[in-house]
Structure formats: C-alpha cells, structure tokens
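Note: the block below is my_file-v4.tsv and it holds TSV, C-alpha atoms and all ligand atoms.
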```
chain	number	residue	atom	x	y	z
A	22	MET	CA	128.88	-75.92	95.11
A	23	ASN	CA	125.27	-75.20	94.36
A	24	LEU	CA	121.93	-76.60	95.38
A	25	GLU	CA	121.83	-78.93	92.42
A	26	SER	CA	123.84	-81.13	94.79
A	27	PHE	CA	120.88	-81.22	97.19
A	28	SER	CA	117.43	-82.55	96.84
A	29	LYS	CA	114.71	-79.92	96.55
A	30	GLU	CA	113.15	-81.74	99.51
A	31	ALA	CA	115.90	-80.37	101.72
A	32	LEU	CA	114.95	-76.82	100.80
A	33	LEU	CA	111.25	-77.55	101.25
A	34	HIS	CA	112.02	-79.02	104.65
A	35	GLN	CA	113.83	-75.82	105.64
A	36	ALA	CA	110.85	-73.79	104.39
A	37	ALA	CA	108.39	-75.90	106.36
A	38	GLN	CA	110.54	-75.56	109.48
A	39	ALA	CA	110.28	-71.80	109.02
A	40	GLY	CA	106.48	-72.02	108.88
A	41	ALA	CA	106.02	-71.54	105.13
A	42	VAL	CA	103.16	-73.43	103.47
A	43	ALA	CA	104.61	-73.02	100.01
A	44	CYS	CA	108.08	-72.54	98.61
A	45	GLY	CA	109.32	-72.41	95.04
A	46	VAL	CA	112.29	-71.30	92.99
A	47	ALA	CA	112.56	-69.11	89.91
A	48	PRO	CA	115.65	-68.20	87.93
A	49	CYS	CA	116.74	-64.64	88.65
A	50	GLN	CA	116.29	-62.66	85.44
A	51	PRO	CA	114.54	-59.49	84.26
A	52	VAL	CA	110.77	-59.53	84.76
A	53	SER	CA	108.54	-60.18	81.77
A	54	ALA	CA	107.71	-57.43	79.29
A	55	GLU	CA	104.04	-57.76	80.29
A	56	THR	CA	104.85	-57.19	83.96
A	57	ARG	CA	106.97	-54.20	83.07
A	58	SER	CA	104.28	-52.60	80.90
A	59	THR	CA	101.48	-53.32	83.40
A	60	PHE	CA	103.48	-51.64	86.14
A	61	CYS	CA	104.36	-48.63	83.97
A	62	ARG	CA	100.70	-48.25	83.00
A	63	TRP	CA	99.70	-48.40	86.68
A	64	ILE	CA	102.20	-45.67	87.59
A	65	ASP	CA	101.38	-43.50	84.57
A	66	SER	CA	97.68	-43.66	85.46
A	67	GLY	CA	98.43	-42.38	88.94
A	68	CYS	CA	97.10	-45.56	90.58
A	69	HIS	CA	99.96	-45.52	93.10
A	70	ALA	CA	98.35	-42.41	94.64
A	71	THR	CA	100.85	-40.85	97.06
A	72	MET	CA	103.09	-43.91	97.29
A	73	ASP	CA	105.97	-42.16	95.54
A	74	TYR	CA	108.37	-44.86	96.69
A	75	MET	CA	106.78	-47.07	94.03
A	76	THR	CA	108.37	-44.90	91.35
A	77	ARG	CA	111.86	-45.24	92.81
A	78	TYR	CA	114.50	-47.77	91.74
A	79	PRO	CA	112.72	-48.89	88.56
A	80	ASP	CA	115.82	-50.75	87.34
A	81	LEU	CA	116.03	-52.82	90.53
A	82	ARG	CA	112.31	-53.56	90.34
A	83	MET	CA	112.66	-54.82	86.80
A	84	ASN	CA	115.71	-56.98	87.53
A	85	PRO	CA	116.44	-58.19	91.08
A	86	ASP	CA	120.00	-58.97	90.05
A	87	GLY	CA	120.70	-55.41	91.19
A	88	LEU	CA	119.49	-56.21	94.72
A	89	LEU	CA	122.11	-58.92	95.06
A	90	PRO	CA	124.91	-58.78	92.51
A	91	GLY	CA	125.34	-62.17	90.90
A	92	ALA	CA	121.92	-63.41	92.04
A	93	ARG	CA	120.93	-66.56	90.14
A	94	SER	CA	117.79	-67.70	91.94
A	95	VAL	CA	114.74	-66.16	93.60
A	96	ILE	CA	113.20	-68.40	96.25
A	97	SER	CA	109.65	-67.43	97.13
A	98	PHE	CA	107.89	-68.39	100.37
A	99	ALA	CA	104.26	-68.05	101.50
A	100	PHE	CA	103.40	-67.77	105.21
A	101	PRO	CA	99.75	-68.18	106.26
A	102	TYR	CA	98.17	-65.72	108.69
A	103	TYR	CA	94.47	-66.65	108.74
A	104	HIS	CA	93.19	-67.28	112.25
A	105	PRO	CA	89.54	-68.12	113.03
A	106	SER	CA	89.33	-65.84	116.08
A	107	ALA	CA	89.58	-62.76	113.83
A	108	PRO	CA	88.05	-60.29	113.17
A	109	GLY	CA	86.35	-60.54	116.58
A	110	ASN	CA	83.11	-58.96	117.83
A	111	SER	CA	84.18	-55.39	118.35
A	112	ASP	CA	82.59	-52.44	116.59
A	113	VAL	CA	85.83	-51.94	114.64
A	114	ILE	CA	87.68	-54.34	112.35
A	115	PHE	CA	91.36	-54.45	111.50
A	116	ALA	CA	92.72	-56.29	108.45
A	117	ARG	CA	93.55	-59.85	109.43
A	118	TYR	CA	97.23	-59.60	108.58
A	119	SER	CA	97.70	-56.81	111.10
A	120	LEU	CA	96.34	-58.51	114.22
A	121	GLY	CA	99.54	-60.23	115.29
A	122	ASP	CA	103.17	-59.12	115.22
A	123	ASP	CA	104.48	-57.09	112.30
A	124	TYR	CA	104.99	-59.54	109.43
A	125	HIS	CA	108.14	-57.78	108.24
A	126	ASP	CA	109.91	-58.76	111.45
A	127	VAL	CA	108.28	-62.19	111.76
A	128	ILE	CA	109.07	-63.39	108.25
A	129	ARG	CA	112.58	-61.97	108.25
A	130	ALA	CA	113.32	-63.75	111.52
A	131	ARG	CA	111.90	-67.00	110.15
A	132	LEU	CA	113.79	-66.80	106.86
A	133	THR	CA	117.11	-65.93	108.49
A	134	PRO	CA	118.03	-69.55	109.36
A	135	VAL	CA	116.92	-70.68	105.89
A	136	ALA	CA	119.20	-68.11	104.27
A	137	ALA	CA	122.04	-69.16	106.57
A	138	TRP	CA	121.50	-72.79	105.58
A	139	ILE	CA	121.65	-71.92	101.89
A	140	ALA	CA	124.72	-69.75	102.38
A	141	SER	CA	126.49	-72.48	104.25
A	142	ALA	CA	125.43	-75.36	102.02
A	143	CYS	CA	126.24	-73.57	98.79
A	144	ALA	CA	128.94	-71.08	99.77
A	145	ALA	CA	126.52	-68.58	98.28
A	146	GLU	CA	125.44	-65.02	98.95
A	147	THR	CA	121.87	-64.46	100.07
A	148	ARG	CA	119.52	-61.55	100.65
A	149	ILE	CA	116.14	-61.69	102.37
A	150	CYS	CA	113.32	-59.46	101.13
A	151	VAL	CA	110.04	-58.97	103.00
A	152	ASP	CA	108.02	-56.21	101.37
A	153	THR	CA	110.88	-53.79	101.90
A	154	ALA	CA	113.05	-54.03	98.78
A	155	PRO	CA	111.73	-52.90	95.36
A	156	ILE	CA	110.81	-56.33	94.06
A	157	PHE	CA	107.61	-57.67	92.46
A	158	GLU	CA	106.86	-60.21	95.16
A	159	ARG	CA	103.70	-61.59	93.54
A	160	TYR	CA	105.34	-61.92	90.16
A	161	TRP	CA	108.14	-63.99	91.67
A	162	ALA	CA	105.71	-66.12	93.65
A	163	GLN	CA	103.92	-66.94	90.40
A	164	GLN	CA	107.19	-67.55	88.57
A	165	ALA	CA	108.30	-69.86	91.37
A	166	GLY	CA	105.07	-71.80	90.98
A	167	ILE	CA	103.70	-71.31	94.50
A	168	GLY	CA	100.51	-69.61	93.34
A	169	PHE	CA	98.84	-67.39	90.79
A	170	CYS	CA	97.90	-63.74	90.84
A	171	GLY	CA	94.17	-63.27	91.31
A	172	LEU	CA	92.19	-60.44	89.75
A	173	ASN	CA	92.39	-58.71	93.12
A	174	GLY	CA	96.16	-58.56	92.66
A	175	LEU	CA	96.89	-61.03	95.45
A	176	ILE	CA	98.68	-64.35	95.29
A	177	ILE	CA	96.39	-67.36	95.61
A	178	VAL	CA	98.08	-70.56	96.74
A	179	PRO	CA	95.99	-73.53	95.58
A	180	GLY	CA	94.76	-75.53	98.56
A	181	ILE	CA	95.72	-72.70	100.92
A	182	GLY	CA	94.05	-69.53	99.67
A	183	SER	CA	95.23	-65.93	99.64
A	184	TRP	CA	95.59	-65.27	103.37
A	185	VAL	CA	99.35	-65.50	103.00
A	186	LEU	CA	102.26	-63.12	103.27
A	187	LEU	CA	105.25	-63.46	100.99
A	188	GLY	CA	108.97	-63.39	101.53
A	189	GLU	CA	111.90	-64.03	99.22
A	190	ILE	CA	115.48	-65.12	99.45
A	191	LEU	CA	117.68	-63.97	96.58
A	192	THR	CA	120.77	-66.09	96.25
A	193	THR	CA	123.80	-66.49	94.05
A	194	ALA	CA	123.25	-70.26	94.30
A	195	VAL	CA	121.95	-71.95	91.18
A	196	ILE	CA	118.88	-73.90	92.24
A	197	PRO	CA	116.78	-75.97	89.86
A	198	PRO	CA	113.69	-73.85	89.16
A	199	ASP	CA	110.06	-74.83	89.53
A	200	ALA	CA	107.51	-74.39	86.77
A	201	PRO	CA	105.59	-71.10	86.90
A	202	SER	CA	101.95	-71.33	87.91
A	203	LEU	CA	99.58	-71.20	84.95
A	204	GLN	CA	96.31	-71.13	86.90
A	205	SER	CA	93.90	-68.23	86.72
A	206	CYS	CA	90.62	-66.95	88.15
A	207	GLY	CA	88.68	-68.36	85.21
A	208	GLU	CA	85.24	-66.82	84.91
A	209	CYS	CA	85.08	-65.60	88.52
A	210	ARG	CA	84.63	-61.86	89.09
A	211	ARG	CA	83.44	-61.89	92.70
A	212	CYS	CA	86.12	-59.58	94.07
A	213	ILE	CA	85.49	-57.00	91.36
A	214	GLU	CA	81.78	-57.00	92.14
A	215	ALA	CA	82.29	-56.86	95.90
A	216	CYS	CA	84.97	-54.15	96.03
A	217	PRO	CA	83.40	-51.12	97.74
A	218	GLY	CA	85.63	-48.67	95.86
A	219	GLN	CA	85.48	-50.27	92.38
A	220	ALA	CA	89.24	-50.25	92.75
A	221	ILE	CA	90.11	-53.51	90.97
A	222	ARG	CA	91.22	-53.01	87.38
A	223	PRO	CA	90.95	-55.60	84.62
A	224	ASP	CA	94.72	-56.09	84.46
A	225	ARG	CA	94.89	-57.47	88.02
A	226	THR	CA	96.04	-54.21	89.53
A	227	VAL	CA	94.34	-52.07	92.14
A	228	ASP	CA	93.79	-48.34	91.93
A	229	ALA	CA	95.11	-47.25	95.31
A	230	ARG	CA	93.16	-44.00	95.15
A	231	ARG	CA	89.95	-46.01	95.44
A	232	CYS	CA	91.16	-48.84	97.66
A	233	ARG	CA	90.14	-48.81	101.35
A	234	SER	CA	93.38	-50.49	102.26
A	235	PHE	CA	95.44	-47.63	100.91
A	236	LEU	CA	93.07	-44.97	102.21
A	237	THR	CA	93.04	-46.30	105.78
A	238	ILE	CA	96.72	-47.27	106.06
A	239	GLU	CA	98.92	-45.30	103.68
A	240	SER	CA	97.02	-42.08	103.05
A	241	ARG	CA	98.17	-39.16	105.17
A	242	ASP	CA	95.27	-36.93	104.11
A	243	THR	CA	93.49	-35.25	106.99
A	244	HIS	CA	90.11	-36.32	105.60
A	245	LEU	CA	89.04	-39.33	103.58
A	246	PRO	CA	87.17	-38.67	100.31
A	247	ALA	CA	83.59	-37.63	101.00
A	248	ASP	CA	82.09	-40.63	99.19
A	249	VAL	CA	84.08	-43.19	101.21
A	250	SER	CA	82.24	-44.96	103.99
A	251	LEU	CA	84.40	-47.35	106.02
A	252	GLY	CA	81.83	-48.84	108.34
A	253	ARG	CA	83.65	-51.02	110.88
A	254	ARG	CA	86.77	-51.51	108.72
A	255	ILE	CA	89.01	-48.83	110.18
A	256	TYR	CA	92.34	-50.38	109.19
A	257	GLY	CA	92.67	-52.17	105.85
A	258	CYS	CA	89.98	-54.02	103.94
A	259	ASP	CA	89.73	-57.76	103.44
A	260	ILE	CA	86.57	-57.81	101.32
A	261	CYS	CA	88.23	-58.97	98.09
A	262	GLN	CA	89.70	-61.92	100.00
A	263	GLU	CA	86.58	-62.75	101.99
A	264	VAL	CA	84.53	-63.26	98.83
A	265	CYS	CA	87.17	-65.29	97.01
A	266	PRO	CA	86.15	-68.93	96.49
A	267	TRP	CA	89.77	-70.01	96.95
A	268	ASN	CA	89.42	-68.88	100.56
A	269	ALA	CA	86.35	-71.01	101.29
A	270	THR	CA	88.39	-73.31	103.54
A	271	PRO	CA	91.50	-71.31	104.36
A	272	ALA	CA	94.60	-72.77	105.90
A	273	VAL	CA	94.78	-71.76	109.56
A	274	THR	CA	98.12	-70.36	110.61
A	275	THR	CA	100.27	-72.17	113.14
A	276	ILE	CA	102.68	-69.24	113.32
A	277	LYS	CA	102.21	-68.03	116.86
A	278	GLU	CA	103.48	-64.53	116.13
A	279	PHE	CA	100.55	-64.09	113.73
A	280	PHE	CA	97.90	-65.10	116.25
A	281	PRO	CA	95.60	-62.13	116.87
A	282	ARG	CA	96.51	-60.22	119.98
A	283	PRO	CA	93.55	-60.06	122.38
A	284	GLU	CA	94.34	-56.45	123.26
A	285	ILE	CA	93.89	-55.47	119.60
A	286	LEU	CA	90.88	-57.71	118.91
A	287	SER	CA	89.02	-56.24	121.87
A	288	LEU	CA	89.58	-52.57	120.97
A	289	THR	CA	86.38	-50.59	120.48
A	290	ARG	CA	85.72	-47.39	118.57
A	291	ARG	CA	85.53	-45.58	121.88
A	292	ASP	CA	88.90	-46.99	123.01
A	293	ILE	CA	90.56	-45.76	119.84
A	294	LEU	CA	89.03	-42.31	119.92
A	295	GLY	CA	90.21	-41.96	123.52
A	296	MET	CA	93.72	-43.21	122.75
A	297	ASP	CA	96.70	-40.93	123.24
A	298	GLN	CA	100.11	-41.37	121.64
A	299	GLU	CA	101.53	-43.21	124.64
A	300	ARG	CA	98.76	-45.80	124.61
A	301	PHE	CA	98.90	-46.11	120.81
A	302	SER	CA	102.64	-46.82	120.96
A	303	LEU	CA	102.12	-49.37	123.73
A	304	ILE	CA	99.23	-51.27	122.11
A	305	PHE	CA	100.72	-51.31	118.63
A	306	ARG	CA	104.33	-51.94	119.57
A	307	LYS	CA	105.74	-54.45	117.08
A	308	SER	CA	102.45	-54.25	115.15
A	309	ALA	CA	101.98	-53.29	111.49
A	310	ILE	CA	99.08	-51.07	112.57
A	311	LYS	CA	101.48	-48.39	113.77
A	312	ARG	CA	102.00	-47.54	110.09
A	313	ALA	CA	98.64	-45.74	110.05
A	314	LYS	CA	99.79	-43.52	112.93
A	315	LEU	CA	97.47	-42.31	115.66
A	316	THR	CA	96.13	-39.45	113.54
A	317	GLY	CA	95.23	-41.87	110.74
A	318	LEU	CA	93.49	-44.26	113.10
A	319	HIS	CA	91.52	-41.42	114.65
A	320	ARG	CA	90.54	-40.13	111.20
A	321	ASN	CA	89.34	-43.60	110.20
A	322	THR	CA	87.39	-44.10	113.41
A	323	LEU	CA	85.59	-40.78	113.70
A	324	PRO	CA	81.91	-40.98	112.78
A	325	ARG	CA	81.21	-39.58	109.32
A	401	LIG	S1	91.11	-54.17	99.73
A	401	LIG	FE1	88.91	-53.57	99.64
A	401	LIG	S2	88.88	-51.63	98.55
A	401	LIG	FE2	90.90	-52.57	98.15
A	401	LIG	S3	90.66	-53.73	96.27
A	401	LIG	FE3	90.18	-55.15	97.92
A	401	LIG	S4	87.94	-55.00	98.23
A	401	LIG	FE4	88.61	-53.23	97.03
A	402	LIG	S1	87.32	-63.58	93.90
A	402	LIG	FE1	87.39	-64.70	91.95
A	402	LIG	S2	88.22	-63.21	90.50
A	402	LIG	FE2	88.71	-62.45	92.54
A	402	LIG	S3	90.73	-63.27	93.03
A	402	LIG	FE3	89.25	-64.75	93.84
A	402	LIG	S4	89.01	-66.23	92.16
A	402	LIG	FE4	89.95	-64.43	91.28
```
The structure given in the file should be rewritten as structure tokens.
Amino acid sequence: MNLESFSKEALLHQAAQAGAVACGVAPCQPVSAETRSTFCRWIDSGCHATMDYMTRYPDLRMNPDGLLPGARSVISFAFPYYHPSAPGNSDVIFARYSLGDDYHDVIRARLTPVAAWIASACAAETRICVDTAPIFERYWAQQAGIGFCGLNGLIIVPGIGSWVLLGEILTTAVIPPDAPSLQSCGECRRCIEACPGQAIRPDRTVDARRCRSFLTIESRDTHLPADVSLGRRIYGCDICQEVCPWNATPAVTTIKEFFPRPEILSLTRRDILGMDQERFSLIFRKSAIKRAKLTGLHRNTLPR
C-alpha cells in the first residue's frame, strides 16, 4: 500500500500535529545538475572553511536514495522558532534558533510519530533527517514546494518567513508529489547589503570564512580574524534574516521547546567570561549553543 490511498490532508494533519507550519513532498531522485555544480563550486572555492564533513559522502548528498535504500519520496517539514521575547536586553545576543532546546532533538522527537504513522499506514521504511545526514535540506524544501531559497541561502516559507528549521522524512512509500516552489527574491538585495562580512555570494551560497555564524559557532580557531567585530552577537548572526522583507511579520512559534530559556536570555558578557566548564555544561545542557564550546564562547565574548 502507499500513500496514494490516503488524502494528502491526512499527512498535512500529521505534520500540523507535530508543530510544522509547512509540509510538502518531492520524489526521491538525484539532485539537479545546477545544485550539484553550485555545491562543487562552493567546495572548490574553499567556502566551507574548516567544515571538512561537507566534503564527505558526496554520492549520498547528490542522491538521498543511498540514505534509505529504495526511498521513493522526500517529505520536507518546516518548524517555526521565532519568539518575540528574543533576543532580550542583555549586552550579548545569541542567534534566535539557539535560545530554546536543541532543534536536532526537538524536531526528531516531533517527527518520530509522523514517521511511525507513515510506516504503519504504508508498510513502508522511513528515515528521519534533521541536519545530521548529508542531504541538501533547502533543496528538498524547495522541491517539495514549502518555500524558496533566498539569496542568503535560507528557505523562505511564504506567509511564514525564514525563521524556520527544517526536517525530512525519507520513505519508501510513493506519495503524490507537490509542485516545486518557483518564487524568488526578485529585485531585493537587502541581505547582501546588510551582511557584515560580505559573505553572501550571487549564487545563493554563503562563504563560511566570512560569515559570523560560522566564525562564532563552528570555527575552532583561537582568535577570530582581526577585521571581524562581533559587537553583541557572540553566537551566530541573524542579520540577513532580520532585514528580509519576508520576515516583516514572522510566524510566532507555538513549539514550547523552542521558547527562549530565561537563563540564556539573561546571560551577560560578564556572566559568560566568568563561566567555568561546569556552569557552561549546566546552562547549555540540551542546547545547540554547546556546539561552540566554552573556549569558543569565551573567545567570542572577550573585548577586542
Ligand atoms: S549570518 Fe550574518 S555574516 Fe552570515 S551571511 Fe548572514 S548576515 Fe552575513
Ligand atoms: S533579504 Fe531580500 S534578497 Fe535577501 S533573502 Fe530576503 S528577499 Fe531575498
């Protein structure tokens, strides 16, 4: 049996129950030649910086069939995380997505019953991906019609904005696909003009070596480049989303796990500089911020 036997409404209902604001389906097949060449160009130019994991498993990245043998459909989901209480009034700012529980855990937990429903209804295999497997999440979101890729490289869901996190369910079930999104940024260039590192490239990719998000979260260098000034943004950078007109009236999340934690919102520069490993582990338990490690957070917070 496959999901052709069910109405798409049943799947959308499952997605809504999980907290997703958008859900769409694409046929599982190799990614487009354009996506492949854009990615190869990005890697060859060194724009992945020290994220060597981006160069691994190229075959899986180009065809998710390898992530789940026999996969026939990619179901893409968008979960909103915008909350009006962020970023708070402290002298430091964390990227909005990081203020609640770690989205990897939250989205996986929320997609698990959806995957179980599909498996049961269709006698199908499923695999959940949440920014962990080598898969072009934004490409599949666009192919599944839930949004389009902005110049800043992020998925923009019309009517919702870009303050969303993505998750996918690969399945061997054959599900009627949705039409890919054909929207675009049009004449807008606001994010390019606002980016403090001039990191946004014309092909909708970001040069990680110049991006504050990479530098404050992923980089393990002892010192940041001399010409980089972070100001209050010590973890991540939301500037290219803040200026985006599609985020003028963002959807506010109802996912409680994404609500900003008061103990993170209220942290000051002084608190962070005085933090030891024990306190860091306690405050950022189940938080994406732990990825920066204490040394990274201290580096980002020290006056320059
Ligand atoms: S996150 Fe910040 S530095 Fe990175 S591309 Fe966006 S505006 Fe530029
Ligand atoms: S700011 Fe403008 S150019 Fe950048 S992603 Fe938003 S709509 Fe596209």
Out of A:Ile304, A:Leu288, A:Ala145, A:Ile167, which residue has the shortest atom-to-atom distance to Val185 in chain A when counting all atoms listed in the file? A:Ile167
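Each of A:Ser58, A:Gln219, A:Gln204, A:Gln298 was checked against His319 in chain A using all atoms listed in the file; the smallest atom-to-atom distance is that of A:Gln298.
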For ligand LIG 402 (chain A), which residue among A:Ser111, A:Thr147, A:Gln262, A:Asn321 is the nearest when counting all atoms listed in the file?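 Among A:Ser111, A:Thr147, A:Gln262, A:Asn321, it is A:Gln262 that comes nearest to ligand LIG 402 (chain A).
Closest approach to ligand LIG 402 (chain A) among A:Val52, A:Ala31, A:Ala142, A:Ile177: A:Ile177, based on only C-alpha atoms and all ligand atoms.
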Between CA of Arg82 in chain A and CA of Pro155 in chain A, what distance in Å does the model show, to one decimal? 5.1 Å
All residues 12 Å or closer to Tyr102 in chain A, only C-alpha atoms, same chain fewer than 3 positions away omitted, as a ChimeraX atom specification: /A:40-42,99,105-107,116-124,127-128,181-187,271-281
Which residue, A:Arg253, A:Arg211, A:Arg93, A:Arg282, has the smallest gap to ligand LIG 402 (chain A) when you use all atoms listed in the file? A:Arg211
Nearby residues, ligand LIG 401 (chain A), 9 Å, only C-alpha atoms and all ligand atoms, as a VMD selection string: chain A and resid 173 to 174 212 to 222 226 to 229 231 to 236 257 to 264
Select, from A:Tyr103, A:Phe305, A:Trp267, A:Phe169, the residue with the minimum atom-to-atom distance to Arg225 in chain A, counting only C-alpha atoms.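 Among A:Tyr103, A:Phe305, A:Trp267, A:Phe169, it is A:Phe169 that comes nearest to Arg225 in chain A.
Atom to atom, CA of Tyr160 in chain A and CA of Ser205 in chain A stand 13.5 Å apart.
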Spatial neighbours of Asp292 in chain A, 12 Å, all atoms listed in the file, chain gap at least 6 places, as a list in words: Ser111, Asp112, Val113, Glu284, Ile285, Leu286, Arg300, Phe301, Ile304, Leu318, His319, Thr322 and Leu323 of chain A
Keeping only C-alpha atoms, take the residues you just selected and write them out as an mmCIF file, in the coordinates of the input.
```cif
data_model
loop_
_atom_site.group_PDB
_atom_site.id
_atom_site.type_symbol
_atom_site.label_atom_id
_atom_site.label_comp_id
_atom_site.auth_asym_id
_atom_site.auth_seq_id
_atom_site.Cartn_x
_atom_site.Cartn_y
_atom_site.Cartn_z
ATOM 1 C CA SER A 111 84.180 -55.390 118.350
ATOM 2 C CA ASP A 112 82.590 -52.440 116.590
ATOM 3 C CA VAL A 113 85.830 -51.940 114.640
ATOM 4 C CA GLU A 284 94.340 -56.450 123.260
ATOM 5 C CA ILE A 285 93.890 -55.470 119.600
ATOM 6 C CA LEU A 286 90.880 -57.710 118.910
ATOM 7 C CA ARG A 300 98.760 -45.800 124.610
ATOM 8 C CA PHE A 301 98.900 -46.110 120.810
ATOM 9 C CA ILE A 304 99.230 -51.270 122.110
ATOM 10 C CA LEU A 318 93.490 -44.260 113.100
ATOM 11 C CA HIS A 319 91.520 -41.420 114.650
ATOM 12 C CA THR A 322 87.390 -44.100 113.410
ATOM 13 C CA LEU A 323 85.590 -40.780 113.700
#
```
Hey, can you check how far CA of Arg77 in chain A sits from CA of Phe157 in chain A? 13.1 Å
9 Å contact set for range 149-153 of chain A, all atoms listed in the file, chain neighbours under 5 positions out, as a PyMOL selection string: chain A and resi 124-126+128-129+132-133+136+158+186-192
Can you pull out every residue within 12 Å of Cys61 in chain A, counting only C-alpha atoms, but drop anything in the same chain fewer than 3 positions away, and send it as a PDB file with C-alpha atoms, in the coordinates of the input?
```pdb
ATOM      1  CA  ALA A  54     107.710 -57.430  79.290  1.00  0.00           C
ATOM      2  CA  GLU A  55     104.040 -57.760  80.290  1.00  0.00           C
ATOM      3  CA  THR A  56     104.850 -57.190  83.960  1.00  0.00           C
ATOM      4  CA  ARG A  57     106.970 -54.200  83.070  1.00  0.00           C
ATOM      5  CA  SER A  58     104.280 -52.600  80.900  1.00  0.00           C
ATOM      6  CA  ILE A  64     102.200 -45.670  87.590  1.00  0.00           C
ATOM      7  CA  ASP A  65     101.380 -43.500  84.570  1.00  0.00           C
ATOM      8  CA  SER A  66      97.680 -43.660  85.460  1.00  0.00           C
ATOM      9  CA  GLY A  67      98.430 -42.380  88.940  1.00  0.00           C
ATOM     10  CA  CYS A  68      97.100 -45.560  90.580  1.00  0.00           C
ATOM     11  CA  HIS A  69      99.960 -45.520  93.100  1.00  0.00           C
ATOM     12  CA  MET A  75     106.780 -47.070  94.030  1.00  0.00           C
ATOM     13  CA  THR A  76     108.370 -44.900  91.350  1.00  0.00           C
ATOM     14  CA  PRO A  79     112.720 -48.890  88.560  1.00  0.00           C
ATOM     15  CA  ARG A  82     112.310 -53.560  90.340  1.00  0.00           C
ATOM     16  CA  MET A  83     112.660 -54.820  86.800  1.00  0.00           C
ATOM     17  CA  THR A 226      96.040 -54.210  89.530  1.00  0.00           C
TER      18      THR A 226
END
```
For range 120-137 of chain A, take all atoms listed in the file, fit an axis-aligned box around them, add 6 Å to each of the six sides, then output centre and edge lengths in Å rounded to one decimal, as AutoDock Vina command-line options.
```
--center_x 109.2 --center_y -63.9 --center_z 109.8 --size_x 37.7 --size_y 25.6 --size_z 23.0
```
Could you give me, as a PyMOL selection string, the residues that sit within 9 Å of (115.9, -76.2, 94.8) in the file's coordinates, counting all atoms listed in the file? chain A and resi 24-25+27-33+45-46+96+195-199
Same residues, C-alpha atoms, output as a PDB file, keeping the file's coordinate frame:
```
ATOM      1  CA  LEU A  24     121.930 -76.600  95.380  1.00  0.00           C
ATOM      2  CA  GLU A  25     121.830 -78.930  92.420  1.00  0.00           C
ATOM      3  CA  PHE A  27     120.880 -81.220  97.190  1.00  0.00           C
ATOM      4  CA  SER A  28     117.430 -82.550  96.840  1.00  0.00           C
ATOM      5  CA  LYS A  29     114.710 -79.920  96.550  1.00  0.00           C
ATOM      6  CA  GLU A  30     113.150 -81.740  99.510  1.00  0.00           C
ATOM      7  CA  ALA A  31     115.900 -80.370 101.720  1.00  0.00           C
ATOM      8  CA  LEU A  32     114.950 -76.820 100.800  1.00  0.00           C
ATOM      9  CA  LEU A  33     111.250 -77.550 101.250  1.00  0.00           C
ATOM     10  CA  GLY A  45     109.320 -72.410  95.040  1.00  0.00           C
ATOM     11  CA  VAL A  46     112.290 -71.300  92.990  1.00  0.00           C
ATOM     12  CA  ILE A  96     113.200 -68.400  96.250  1.00  0.00           C
ATOM     13  CA  VAL A 195     121.950 -71.950  91.180  1.00  0.00           C
ATOM     14  CA  ILE A 196     118.880 -73.900  92.240  1.00  0.00           C
ATOM     15  CA  PRO A 197     116.780 -75.970  89.860  1.00  0.00           C
ATOM     16  CA  PRO A 198     113.690 -73.850  89.160  1.00  0.00           C
ATOM     17  CA  ASP A 199     110.060 -74.830  89.530  1.00  0.00           C
TER      18      ASP A 199
END
```
Selected range 61-73 of chain A, written as an mmCIF file, in the first residue's frame, N, CA, C and O atoms:
```cif
data_model
loop_
_atom_site.group_PDB
_atom_site.id
_atom_site.type_symbol
_atom_site.label_atom_id
_atom_site.label_comp_id
_atom_site.auth_asym_id
_atom_site.auth_seq_id
_atom_site.Cartn_x
_atom_site.Cartn_y
_atom_site.Cartn_z
ATOM 1 N N CYS A 61 29.634 21.957 -5.818
ATOM 2 C CA CYS A 61 31.031 21.658 -6.137
ATOM 3 C C CYS A 61 31.851 22.950 -6.226
ATOM 4 O O CYS A 61 32.999 23.009 -5.756
ATOM 5 N N ARG A 62 31.242 23.985 -6.793
ATOM 6 C CA ARG A 62 31.931 25.275 -6.903
ATOM 7 C C ARG A 62 32.208 25.843 -5.506
ATOM 8 O O ARG A 62 33.270 26.394 -5.235
ATOM 9 N N TRP A 63 31.220 25.703 -4.627
ATOM 10 C CA TRP A 63 31.342 26.205 -3.248
ATOM 11 C C TRP A 63 32.485 25.501 -2.523
ATOM 12 O O TRP A 63 33.312 26.133 -1.869
ATOM 13 N N ILE A 64 32.547 24.182 -2.679
ATOM 14 C CA ILE A 64 33.629 23.414 -2.045
ATOM 15 C C ILE A 64 34.978 23.779 -2.666
ATOM 16 O O ILE A 64 35.959 24.056 -1.966
ATOM 17 N N ASP A 65 35.029 23.799 -4.003
ATOM 18 C CA ASP A 65 36.300 24.059 -4.687
ATOM 19 C C ASP A 65 36.853 25.439 -4.359
ATOM 20 O O ASP A 65 38.066 25.659 -4.377
ATOM 21 N N SER A 66 35.952 26.375 -4.051
ATOM 22 C CA SER A 66 36.392 27.730 -3.699
ATOM 23 C C SER A 66 36.819 27.834 -2.242
ATOM 24 O O SER A 66 37.226 28.907 -1.792
ATOM 25 N N GLY A 67 36.654 26.751 -1.501
ATOM 26 C CA GLY A 67 37.053 26.773 -0.093
ATOM 27 C C GLY A 67 36.043 27.440 0.819
ATOM 28 O O GLY A 67 36.345 27.743 1.985
ATOM 29 N N CYS A 68 34.820 27.669 0.314
ATOM 30 C CA CYS A 68 33.820 28.399 1.115
ATOM 31 C C CYS A 68 33.304 27.591 2.311
ATOM 32 O O CYS A 68 32.598 28.139 3.154
ATOM 33 N N HIS A 69 33.629 26.312 2.362
ATOM 34 C CA HIS A 69 33.192 25.503 3.507
ATOM 35 C C HIS A 69 34.149 25.668 4.683
ATOM 36 O O HIS A 69 33.930 25.073 5.744
ATOM 37 N N ALA A 70 35.210 26.461 4.485
ATOM 38 C CA ALA A 70 36.190 26.731 5.543
ATOM 39 C C ALA A 70 36.717 25.418 6.125
ATOM 40 O O ALA A 70 37.155 24.559 5.372
ATOM 41 N N THR A 71 36.580 25.244 7.442
ATOM 42 C CA THR A 71 37.112 24.021 8.066
ATOM 43 C C THR A 71 36.042 22.952 8.252
ATOM 44 O O THR A 71 36.279 21.969 8.962
ATOM 45 N N MET A 72 34.890 23.135 7.622
ATOM 46 C CA MET A 72 33.830 22.122 7.766
ATOM 47 C C MET A 72 34.097 20.968 6.795
ATOM 48 O O MET A 72 33.392 20.776 5.798
ATOM 49 N N ASP A 73 35.114 20.186 7.107
ATOM 50 C CA ASP A 73 35.514 19.110 6.185
ATOM 51 C C ASP A 73 34.410 18.079 5.989
ATOM 52 O O ASP A 73 34.378 17.383 4.972
#
```
